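Coordinates as given in input_4.tsv (TSV, C-alpha atoms and all ligand atoms):
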chain	number	residue	atom	x	y	z
H	728	MET	CA	-9.33	24.25	3.42
H	729	LEU	CA	-7.15	21.52	4.92
H	730	SER	CA	-4.52	19.51	3.03
H	731	TYR	CA	-2.45	16.52	4.09
H	732	SER	CA	0.21	14.59	2.19
H	733	LEU	CA	0.86	11.05	3.42
H	734	ILE	CA	3.49	8.50	2.43
H	735	ALA	CA	1.99	4.98	2.30
H	736	SER	CA	4.52	2.12	2.34
H	737	ALA	CA	4.26	-1.28	0.67
H	738	LYS	CA	4.82	-4.53	2.60
H	739	ILE	CA	6.46	-7.84	1.89
H	740	ASN	CA	5.65	-11.17	3.52
H	741	LEU	CA	8.66	-12.72	5.19
H	742	TYR	CA	6.38	-15.62	6.08
H	743	LEU	CA	2.92	-16.69	4.86
H	744	GLU	CA	1.49	-20.01	6.00
H	745	ILE	CA	-2.09	-21.01	5.25
H	746	ILE	CA	-3.34	-22.82	8.32
H	747	GLY	CA	-6.78	-23.71	6.96
H	748	ALA	CA	-9.94	-22.65	5.16
H	749	ARG	CA	-12.69	-20.83	7.07
H	750	PRO	CA	-16.43	-21.17	6.51
H	751	ASP	CA	-16.63	-17.41	5.67
H	752	GLY	CA	-14.47	-17.97	2.54
H	753	TYR	CA	-11.32	-16.49	4.13
H	754	HIS	CA	-8.31	-18.47	5.38
H	755	ASP	CA	-6.63	-18.69	8.75
H	756	LEU	CA	-3.09	-17.49	8.27
H	757	ALA	CA	0.21	-17.15	10.10
H	758	MET	CA	2.24	-14.33	8.58
H	759	VAL	CA	5.19	-12.10	9.27
H	760	LEU	CA	4.75	-8.77	7.50
H	761	GLN	CA	7.46	-6.17	6.91
H	762	SER	CA	7.05	-2.56	5.71
H	763	ILE	CA	9.43	-1.40	2.99
H	764	ASP	CA	10.14	2.12	1.80
H	765	LEU	CA	8.70	1.61	-1.71
H	766	ALA	CA	5.69	3.89	-1.23
H	767	ASP	CA	2.78	5.81	-2.78
H	768	GLN	CA	1.98	9.42	-1.94
H	769	ILE	CA	-1.60	10.18	-0.98
H	770	ASP	CA	-2.76	13.82	-1.00
H	771	LEU	CA	-5.97	14.73	0.81
H	772	HIS	CA	-7.68	18.12	0.28
H	773	SER	CA	-10.90	19.02	2.02
H	774	ARG	CA	-13.75	20.21	-0.24
H	775	SER	CA	-16.45	22.81	0.27
H	776	ASP	CA	-19.17	20.30	-0.79
H	777	ASP	CA	-19.83	16.75	0.47
H	778	ALA	CA	-18.28	14.82	-2.46
H	779	ILE	CA	-15.51	12.20	-2.26
H	780	CYS	CA	-13.40	12.42	-5.44
H	781	LEU	CA	-10.44	10.25	-6.32
H	782	HIS	CA	-7.67	10.69	-8.90
H	783	CYS	CA	-4.79	8.34	-9.63
H	784	ASN	CA	-1.97	8.57	-12.18
H	785	HIS	CA	-1.91	4.77	-12.80
H	786	PRO	CA	-4.14	3.43	-15.62
H	787	GLU	CA	-4.83	0.09	-13.86
H	788	VAL	CA	-6.08	1.65	-10.64
H	789	PRO	CA	-9.85	2.19	-10.53
H	790	GLN	CA	-10.86	5.83	-9.96
H	791	ASP	CA	-14.40	5.08	-8.78
H	792	GLU	CA	-16.08	3.73	-5.62
H	793	SER	CA	-14.30	0.38	-6.04
H	794	ASN	CA	-10.95	1.96	-5.13
H	795	LEU	CA	-9.96	0.87	-1.62
H	796	ALA	CA	-8.91	4.44	-0.73
H	797	TYR	CA	-12.33	5.71	-1.80
H	798	LYS	CA	-13.97	2.96	0.30
H	799	ALA	CA	-11.91	4.08	3.30
H	800	ALA	CA	-13.17	7.68	2.94
H	801	ALA	CA	-16.77	6.49	2.45
H	802	LEU	CA	-16.46	4.31	5.58
H	803	MET	CA	-15.21	7.28	7.63
H	804	ALA	CA	-18.09	9.44	6.31
H	805	THR	CA	-20.61	6.76	7.37
H	806	LYS	CA	-19.06	6.14	10.80
H	807	PHE	CA	-18.53	9.84	11.63
H	808	PRO	CA	-21.40	11.74	9.96
H	809	ASP	CA	-21.01	14.83	12.23
H	810	ALA	CA	-17.34	15.28	11.32
H	811	PHE	CA	-18.14	14.66	7.63
H	812	ALA	CA	-20.85	17.35	7.77
H	813	ARG	CA	-18.52	19.79	9.59
H	814	TYR	CA	-15.37	19.33	7.49
H	815	GLY	CA	-16.99	18.49	4.11
H	816	GLY	CA	-15.90	16.08	1.39
H	817	VAL	CA	-12.41	15.22	0.29
H	818	ASP	CA	-10.28	15.07	-2.86
H	819	ILE	CA	-7.95	12.04	-2.77
H	820	THR	CA	-4.98	12.02	-5.15
H	821	ILE	CA	-2.89	8.83	-5.36
H	822	HIS	CA	0.60	9.11	-6.82
H	823	LYS	CA	1.20	5.40	-7.54
H	824	ARG	CA	4.71	4.01	-7.29
H	825	ILE	CA	3.88	0.61	-5.74
H	826	PRO	CA	3.19	-1.83	-8.60
H	827	VAL	CA	-0.47	-2.87	-8.86
H	828	GLY	CA	-1.68	-6.44	-8.19
H	829	ALA	CA	1.82	-7.27	-7.02
H	830	GLY	CA	1.38	-8.87	-3.57
H	831	LEU	CA	2.74	-5.69	-1.96
H	832	ALA	CA	-0.56	-4.44	-0.43
H	833	GLY	CA	-0.73	-1.33	-2.63
H	834	GLY	CA	-4.48	-0.85	-2.27
H	835	SER	CA	-4.45	-1.70	1.45
H	836	THR	CA	-1.76	0.86	2.28
H	837	ASN	CA	-3.67	3.54	0.33
H	838	ALA	CA	-6.79	2.77	2.38
H	839	ALA	CA	-4.76	2.90	5.61
H	840	ALA	CA	-3.37	6.33	4.62
H	841	VAL	CA	-6.89	7.69	4.06
H	842	LEU	CA	-8.04	6.40	7.49
H	843	VAL	CA	-4.98	7.94	9.19
H	844	GLY	CA	-5.31	11.19	7.20
H	845	LEU	CA	-9.02	11.73	7.81
H	846	ASN	CA	-8.56	10.94	11.52
H	847	LEU	CA	-6.20	13.95	11.60
H	848	MET	CA	-8.14	16.17	9.22
H	849	TRP	CA	-11.42	15.64	11.09
H	850	ASN	CA	-9.73	15.86	14.50
H	851	LEU	CA	-11.28	12.53	15.59
H	852	LYS	CA	-8.40	11.46	17.87
H	853	LEU	CA	-8.96	7.75	17.11
H	854	SER	CA	-6.29	5.39	18.46
H	855	ASP	CA	-4.28	3.04	16.21
H	856	LYS	CA	-6.43	0.17	17.57
H	857	GLN	CA	-9.64	1.96	16.53
H	858	LEU	CA	-8.20	2.73	13.09
H	859	GLN	CA	-7.12	-0.90	12.75
H	860	TYR	CA	-10.66	-2.04	13.54
H	861	LEU	CA	-12.01	0.25	10.79
H	862	GLY	CA	-9.26	-1.08	8.50
H	863	SER	CA	-10.35	-4.67	9.15
H	864	LEU	CA	-13.75	-3.79	7.64
H	865	LEU	CA	-11.97	-2.90	4.37
H	866	GLY	CA	-9.43	-5.70	3.90
H	867	SER	CA	-7.17	-8.21	5.64
H	868	ASP	CA	-3.90	-6.26	5.15
H	869	VAL	CA	-5.28	-2.80	6.07
H	870	PRO	CA	-4.89	-3.18	9.89
H	871	PHE	CA	-1.17	-3.97	9.46
H	872	CYS	CA	-0.75	-1.00	7.11
H	873	ILE	CA	-2.08	1.45	9.76
H	874	VAL	CA	1.05	0.90	11.89
H	875	GLY	CA	3.49	-1.20	9.83
H	876	GLY	CA	7.02	-2.14	10.81
H	877	THR	CA	7.60	-5.83	11.52
H	878	MET	CA	4.55	-7.77	12.75
H	879	LEU	CA	3.20	-11.24	13.32
H	880	ALA	CA	-0.31	-11.46	11.84
H	881	THR	CA	-2.80	-14.25	12.54
H	882	GLY	CA	-6.52	-14.86	11.98
H	883	ARG	CA	-7.12	-13.62	8.45
H	884	GLY	CA	-4.37	-11.08	9.08
H	885	GLU	CA	-6.16	-8.81	11.55
H	886	TYR	CA	-4.65	-10.09	14.84
H	887	LEU	CA	-1.35	-8.28	15.05
H	888	THR	CA	1.61	-8.67	17.40
H	889	PRO	CA	4.48	-6.21	16.93
H	890	LEU	CA	7.90	-7.86	16.61
H	891	PRO	CA	11.25	-6.18	17.28
H	892	VAL	CA	11.99	-3.68	14.51
H	893	LEU	CA	14.47	-5.21	12.09
H	894	GLY	CA	17.56	-3.26	11.10
H	895	ARG	CA	17.32	-1.26	7.89
H	896	SER	CA	18.01	-4.33	5.70
H	897	TYR	CA	18.00	-3.89	1.94
H	898	VAL	CA	15.78	-5.83	-0.39
H	899	VAL	CA	15.71	-6.20	-4.19
H	900	LEU	CA	12.22	-6.53	-5.70
H	901	GLY	CA	11.40	-7.87	-9.16
H	902	LYS	CA	8.05	-7.78	-10.94
H	903	TYR	CA	7.03	-8.27	-14.57
H	904	ARG	CA	5.07	-5.16	-15.52
H	905	SER	CA	2.51	-7.06	-17.59
H	906	LEU	CA	1.89	-9.74	-14.91
H	907	SER	CA	-0.45	-9.36	-12.00
H	908	VAL	CA	-1.96	-12.09	-9.84
H	909	SER	CA	-5.45	-11.93	-8.40
H	910	THR	CA	-5.23	-12.54	-4.65
H	911	ALA	CA	-8.65	-14.25	-4.73
H	912	TRP	CA	-7.49	-16.62	-7.51
H	913	ALA	CA	-4.32	-17.56	-5.61
H	914	TYR	CA	-6.19	-18.44	-2.39
H	915	GLN	CA	-9.02	-20.25	-4.20
H	916	THR	CA	-6.55	-22.35	-6.20
H	917	PHE	CA	-4.61	-23.18	-3.04
H	918	ARG	CA	-7.87	-24.15	-1.30
H	919	HIS	CA	-8.79	-26.47	-4.19
H	920	GLN	CA	-5.40	-28.09	-4.48
H	921	TYR	CA	-4.35	-28.38	-0.84
H	922	LEU	CA	-7.23	-27.88	1.57
H	923	SER	CA	-9.64	-30.64	0.66
H	924	SER	CA	-9.93	-32.86	3.76
H	925	CYS	CA	-7.54	-35.62	2.65
H	926	MET	CA	-5.07	-33.08	1.25
H	927	SER	CA	-4.79	-31.12	4.51
H	928	ASN	CA	-2.93	-34.02	6.11
H	929	ALA	CA	-0.63	-34.23	3.09
H	930	LEU	CA	-0.04	-30.49	3.38
H	931	ALA	CA	0.77	-30.73	7.08
H	932	VAL	CA	3.36	-33.44	6.35
H	933	GLU	CA	4.81	-31.43	3.44
H	934	ASN	CA	5.02	-28.30	5.63
H	935	LEU	CA	6.93	-30.27	8.22
H	936	GLU	CA	9.31	-31.53	5.54
H	937	GLN	CA	9.81	-28.02	4.17
H	938	SER	CA	10.24	-26.80	7.75
H	939	ALA	CA	7.41	-24.27	7.65
H	940	SER	CA	7.65	-22.89	11.14
H	941	ILE	CA	6.41	-19.54	12.25
H	942	GLU	CA	8.18	-20.08	15.61
H	943	LYS	CA	11.57	-20.35	13.90
H	944	MET	CA	10.98	-17.16	11.91
H	945	VAL	CA	9.79	-15.24	14.98
H	946	SER	CA	12.79	-16.49	16.96
H	947	ALA	CA	15.15	-15.39	14.14
H	948	ILE	CA	13.55	-11.92	14.23
H	949	ASN	CA	13.71	-11.74	18.04
H	950	HIS	CA	17.43	-12.52	17.81
H	951	GLN	CA	17.90	-10.17	14.78
H	952	ASN	CA	19.58	-13.14	13.10
H	953	GLU	CA	19.66	-12.16	9.41
H	954	ARG	CA	20.95	-15.52	8.22
H	955	ASN	CA	18.10	-17.41	9.91
H	956	ILE	CA	15.52	-14.88	8.72
H	957	GLY	CA	16.70	-15.67	5.19
H	958	GLN	CA	16.63	-19.40	5.87
H	959	PHE	CA	13.07	-19.40	7.26
H	960	LEU	CA	11.41	-17.28	4.55
H	961	TYR	CA	8.24	-19.14	3.61
H	962	ASN	CA	5.17	-18.65	1.41
H	963	ASP	CA	2.50	-21.32	0.82
H	964	LEU	CA	1.11	-19.39	-2.18
H	965	GLU	CA	4.31	-20.08	-4.15
H	966	ARG	CA	2.93	-23.64	-4.57
H	967	VAL	CA	0.15	-22.39	-6.83
H	968	VAL	CA	1.63	-19.21	-8.35
H	969	LEU	CA	5.09	-20.42	-9.41
H	970	PRO	CA	3.88	-23.44	-11.46
H	971	GLU	CA	1.36	-21.16	-13.23
H	972	TYR	CA	3.80	-18.31	-13.94
H	973	GLN	CA	7.07	-19.75	-15.27
H	974	LYS	CA	8.66	-16.29	-15.55
H	975	VAL	CA	8.20	-15.74	-11.82
H	976	GLN	CA	9.78	-19.12	-11.07
H	977	ARG	CA	12.69	-18.19	-13.35
H	978	LEU	CA	13.16	-14.85	-11.54
H	979	LYS	CA	13.27	-16.60	-8.17
H	980	GLU	CA	15.82	-19.09	-9.51
H	981	GLU	CA	18.00	-16.22	-10.73
H	982	PHE	CA	18.02	-14.64	-7.24
H	983	GLN	CA	18.90	-18.08	-5.80
H	984	ARG	CA	21.70	-18.53	-8.33
H	985	LEU	CA	23.17	-15.26	-7.04
H	986	GLY	CA	23.15	-16.71	-3.52
H	987	CYS	CA	20.26	-14.63	-2.12
H	988	ALA	CA	17.58	-15.62	0.36
H	989	THR	CA	14.51	-15.06	-1.80
H	990	MET	CA	10.72	-15.52	-1.73
H	991	MET	CA	7.55	-14.40	-3.50
H	992	SER	CA	5.61	-11.75	-1.56
H	993	GLY	CA	1.93	-12.42	-0.70
H	994	SER	CA	-0.01	-13.68	-3.70
H	995	GLY	CA	2.76	-12.44	-5.99
H	996	PRO	CA	3.98	-12.05	-8.57
H	997	THR	CA	6.64	-9.83	-6.94
H	998	VAL	CA	9.73	-11.78	-5.87
H	999	PHE	CA	12.12	-10.25	-3.33
H	1000	ALA	CA	15.69	-11.03	-2.30
H	1001	LEU	CA	17.28	-9.99	0.99
H	1002	THR	CA	20.73	-8.38	0.88
H	1003	HIS	CA	23.20	-7.06	3.46
H	1004	SER	CA	23.96	-3.64	2.01
H	1005	GLN	CA	22.77	-1.11	-0.53
H	1006	ALA	CA	25.85	-1.80	-2.68
H	1007	GLU	CA	25.12	-5.54	-2.72
H	1008	ALA	CA	21.46	-4.87	-3.53
H	1009	GLN	CA	22.43	-2.65	-6.46
H	1010	GLN	CA	24.88	-5.27	-7.71
H	1011	ILE	CA	22.23	-8.01	-7.57
H	1012	LEU	CA	19.72	-5.78	-9.37
H	1013	GLU	CA	22.22	-5.18	-12.20
H	1014	SER	CA	23.11	-8.90	-12.43
H	1015	VAL	CA	19.44	-9.94	-12.66
H	1016	LYS	CA	18.78	-7.24	-15.26
H	1017	ILE	CA	21.59	-8.62	-17.43
H	1018	ALA	CA	20.80	-12.32	-16.85
H	1019	ILE	CA	17.07	-12.04	-17.61
H	1020	ALA	CA	17.29	-9.14	-20.10
H	1021	ASP	CA	13.51	-8.68	-20.41
H	1022	PRO	CA	12.26	-5.09	-20.82
H	1023	ASP	CA	9.03	-6.18	-19.09
H	1024	LEU	CA	10.90	-6.88	-15.83
H	1025	ASP	CA	10.93	-3.98	-13.34
H	1026	LEU	CA	13.47	-4.10	-10.50
H	1027	TRP	CA	13.77	-1.90	-7.40
H	1028	VAL	CA	16.11	-1.59	-4.44
H	1029	SER	CA	14.15	-0.91	-1.26
H	1030	GLN	CA	14.78	-0.94	2.46
H	1031	PHE	CA	12.92	-2.21	5.53
H	1032	THR	CA	11.17	0.64	7.30
H	1033	PRO	CA	9.84	0.72	10.88
H	1034	SER	CA	6.45	2.30	10.04
H	1035	SER	CA	3.89	2.24	7.26
H	1036	ILE	CA	2.17	5.64	7.04
H	1037	ARG	CA	4.25	8.82	7.37
H	1038	ILE	CA	3.00	12.39	7.30
H	1039	PRO	CA	5.70	14.64	5.91
H	1040	SER	CA	3.47	17.69	5.44
H	1041	PHE	CA	0.18	19.33	6.25
H	1042	HIS	CA	-1.16	22.73	5.19
H	1043	THR	CA	-4.14	24.88	6.17
Q	1101	LIG	P1	-2.50	-7.56	-1.50
Q	1101	LIG	O1	-1.01	-7.78	-1.36
Q	1101	LIG	O2	-3.12	-6.75	-0.39
Q	1101	LIG	O3	-3.28	-8.81	-1.82
Q	1101	LIG	P2	-1.90	-6.56	-4.10
Q	1101	LIG	O4	-0.65	-5.77	-3.82
Q	1101	LIG	O5	-1.71	-7.91	-4.68
Q	1101	LIG	O6	-2.74	-6.62	-2.79
Q	1101	LIG	P3	-3.18	-4.23	-5.14
Q	1101	LIG	O7	-2.07	-3.44	-5.73
Q	1101	LIG	O8	-3.76	-3.77	-3.86
Q	1101	LIG	O9	-2.80	-5.77	-5.08
Q	1101	LIG	O10	-4.31	-4.30	-6.27
Q	1101	LIG	C1	-5.27	-5.33	-6.37
Q	1101	LIG	C2	-6.46	-4.81	-7.17
Q	1101	LIG	O11	-7.16	-3.86	-6.37
Q	1101	LIG	C3	-6.03	-4.05	-8.43
Q	1101	LIG	O12	-6.15	-4.86	-9.54
Q	1101	LIG	C4	-6.97	-2.86	-8.49
Q	1101	LIG	O13	-7.95	-3.04	-9.48
Q	1101	LIG	C5	-7.69	-2.81	-7.15
Q	1101	LIG	N1	-7.49	-1.55	-6.39
Q	1101	LIG	C6	-8.45	-0.90	-5.71
Q	1101	LIG	N2	-7.94	0.18	-5.09
Q	1101	LIG	C7	-6.63	0.23	-5.36
Q	1101	LIG	C8	-5.59	1.11	-4.99
Q	1101	LIG	N3	-5.81	2.19	-4.21
Q	1101	LIG	N4	-4.35	0.83	-5.42
Q	1101	LIG	C9	-4.12	-0.26	-6.18
Q	1101	LIG	N5	-5.08	-1.11	-6.59
Q	1101	LIG	C10	-6.33	-0.89	-6.18
Is it possible to express this structure as structure tokens?
Ligand code: ATP
Amino acid sequence: MLSYSLIASAKINLYLEIIGARPDGYHDLAMVLQSIDLADQIDLHSRSDDAICLHCNHPEVPQDESNLAYKAAALMATKFPDAFARYGGVDITIHKRIPVGAGLAGGSTNAAAVLVGLNLMWNLKLSDKQLQYLGSLLGSDVPFCIVGGTMLATGRGEYLTPLPVLGRSYVVLGKYRSLSVSTAWAYQTFRHQYLSSCMSNALAVENLEQSASIEKMVSAINHQNERNIGQFLYNDLERVVLPEYQKVQRLKEEFQRLGCATMMSGSGPTVFALTHSQAEAQQILESVKIAIADPDLDLWVSQFTPSSIRIPSFHT
């Protein structure tokens, strides 16, 4: 019997610009993605039969074939039938710490961990590139989650260019427990409101005015210029999510009032604020907790991390 434990990190979007709609229903994007050390633990145990079984301690996470981690194992079984026959099925246990439906790529990082874990367990020796290709068949954020760190992502998120690893900056995250945003809803609403043919010109002008510029963000990262990174944070999906979810808007305003560079991550509703030190992060967390005083608001201090999937242990 083989067992692996993997740590699967969440991500935030330092930058998310929607370039345009694609005929396949997806969108062309320009993003900068950053791994953070808020993470799930994924345990894999080989089985003596050929079943794939999944358990998760979080009530909102599906425990059937619709779970992205299950899909990752099923994909590996289909692509590598000889290894699947030799090593048998797998029990997948997800210890969820990343909030669900939060814009932090929780499902995607779980799927990436299963791809990385089964590659090791089945001794397949696939490269990161090959794993990223398999990941792209599961979801737009999975290829990034295979490697993680700081990356420029284009296409629908699958074309990845590593950027210089950012220092271990601290970040405060806030999410209302009872709120989750469907990624599909956020993109569809944006498409309706901003990507009809006459609106795309308006959007281009507005982006210019709001200084949406992936080049400026990439340059700030290349120069490790924290102030500019904060200044060039950008997320097009805020335009549709913030007006719909007043509490999320209010949370962002509170971070701004405290002088932080702040932005919603992905399709939200998590809002993050960049800070210079752990002490400052803790102070901001406490101030927001007092100012908003809502028991439904969860807050975390997290840190940038240079990789996404880590393997602290393996047993035979
Ligand atoms: P992204 O940032 O990639 O758009 P997200 O962080 O907004 O994703 P997830 O936490 O991945 O959202 O969850 C989105 C939905 O996916 C959930 O509502 C849940 O039903 C489903 N799901 C499937 N597999 C998982 C998983 N392993 N972990 C969390 N959610 C999962």
Which residues of chain H come within 9 Å of ligand LIG 1101 (chain Q), and what is each one's closest atom pair and distance in Å (one decimal), counting only C-alpha atoms and all ligand atoms, sorted by chain and residue number, as a tab-separated table?
residue	atom	partner	partner_atom	distance
H:Ala737	CA	Q:LIG1101	O4	8.0
H:Lys738	CA	Q:LIG1101	O1	7.8
H:Ile739	CA	Q:LIG1101	O1	8.1
H:Asn740	CA	Q:LIG1101	O1	8.9
H:Cys783	CA	Q:LIG1101	N3	8.3
H:His785	CA	Q:LIG1101	C9	8.6
H:Glu787	CA	Q:LIG1101	O13	6.2
H:Val788	CA	Q:LIG1101	N5	5.0
H:Pro789	CA	Q:LIG1101	O13	5.7
H:Gln790	CA	Q:LIG1101	N2	8.0
H:Asp791	CA	Q:LIG1101	N2	8.9
H:Glu792	CA	Q:LIG1101	N2	8.9
H:Ser793	CA	Q:LIG1101	C6	6.0
H:Asn794	CA	Q:LIG1101	N2	3.5
H:Leu795	CA	Q:LIG1101	N2	4.1
H:Ala796	CA	Q:LIG1101	N3	5.2
H:Tyr797	CA	Q:LIG1101	N2	7.8
H:Lys798	CA	Q:LIG1101	N2	8.6
H:Ile821	CA	Q:LIG1101	N3	7.3
H:Lys823	CA	Q:LIG1101	N4	7.5
H:Ile825	CA	Q:LIG1101	O7	7.2
H:Pro826	CA	Q:LIG1101	O7	6.2
H:Val827	CA	Q:LIG1101	O7	3.6
H:Gly828	CA	Q:LIG1101	O9	3.4
H:Ala829	CA	Q:LIG1101	O5	4.3
H:Gly830	CA	Q:LIG1101	O5	3.4
H:Leu831	CA	Q:LIG1101	O4	3.9
H:Ala832	CA	Q:LIG1101	O2	3.4
H:Gly833	CA	Q:LIG1101	O7	4.0
H:Gly834	CA	Q:LIG1101	O8	3.4
H:Ser835	CA	Q:LIG1101	O2	5.5
H:Thr836	CA	Q:LIG1101	N3	7.8
H:Asn837	CA	Q:LIG1101	N3	5.2
H:Ala838	CA	Q:LIG1101	N3	6.7
H:Gly866	CA	Q:LIG1101	O2	7.7
H:Ser867	CA	Q:LIG1101	O2	7.4
H:Asp868	CA	Q:LIG1101	O2	5.6
H:Val869	CA	Q:LIG1101	O2	7.9
H:Ser907	CA	Q:LIG1101	O5	7.6
H:Val908	CA	Q:LIG1101	O5	6.6
H:Ser909	CA	Q:LIG1101	O5	6.6
H:Thr910	CA	Q:LIG1101	O3	5.1
H:Ala911	CA	Q:LIG1101	O3	8.2
H:Ser992	CA	Q:LIG1101	O1	7.7
H:Gly993	CA	Q:LIG1101	O1	5.5
H:Ser994	CA	Q:LIG1101	O5	6.1
H:Gly995	CA	Q:LIG1101	O5	6.5
H:Pro996	CA	Q:LIG1101	O5	8.0
H:Thr997	CA	Q:LIG1101	O5	8.9
Shortest interatomic distance to H:Asn955 - which of H:Leu771, H:Leu865, H:Ile1019, H:Ala988, counting only C-alpha atoms: H:Ala988
For H:Val759, which residue out of H:Ala810, H:Leu853, H:Ser773, H:Glu942 is the nearest one, using all atoms listed in the file?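 Ranked by minimum distance to H:Val759, first place goes to H:Glu942.
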Choose the residue, out of H:Ala757, H:Met991, H:Val898, H:Ala1008, that has the smallest atom-to-atom separation from H:Met878; count only C-alpha atoms.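 Counting only C-alpha atoms, the residue closest to H:Met878 is H:Ala757.
In this comparison, which uses only C-alpha atoms, the residue of H:Ile1036, H:Leu969, H:Leu1001, H:Met944 approaching H:Ile769 most closely is H:Ile1036.
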Counting all atoms listed in the file, figure out which residue out of H:Tyr742, H:Met803, H:Asp777, H:Phe917 gets nearest to H:Phe959. H:Tyr742
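Straight-line separation from atom CA of H:Leu847 to atom CA of H:Ile779: 16.8 Å.
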Got a sec to check which residues sit within 7 Å of (-20.6, 15.8, 4.0), counting all atoms listed in the file, and write them as a VMD selection string? chain H and resid 776 to 778 811 to 812 815 to 816
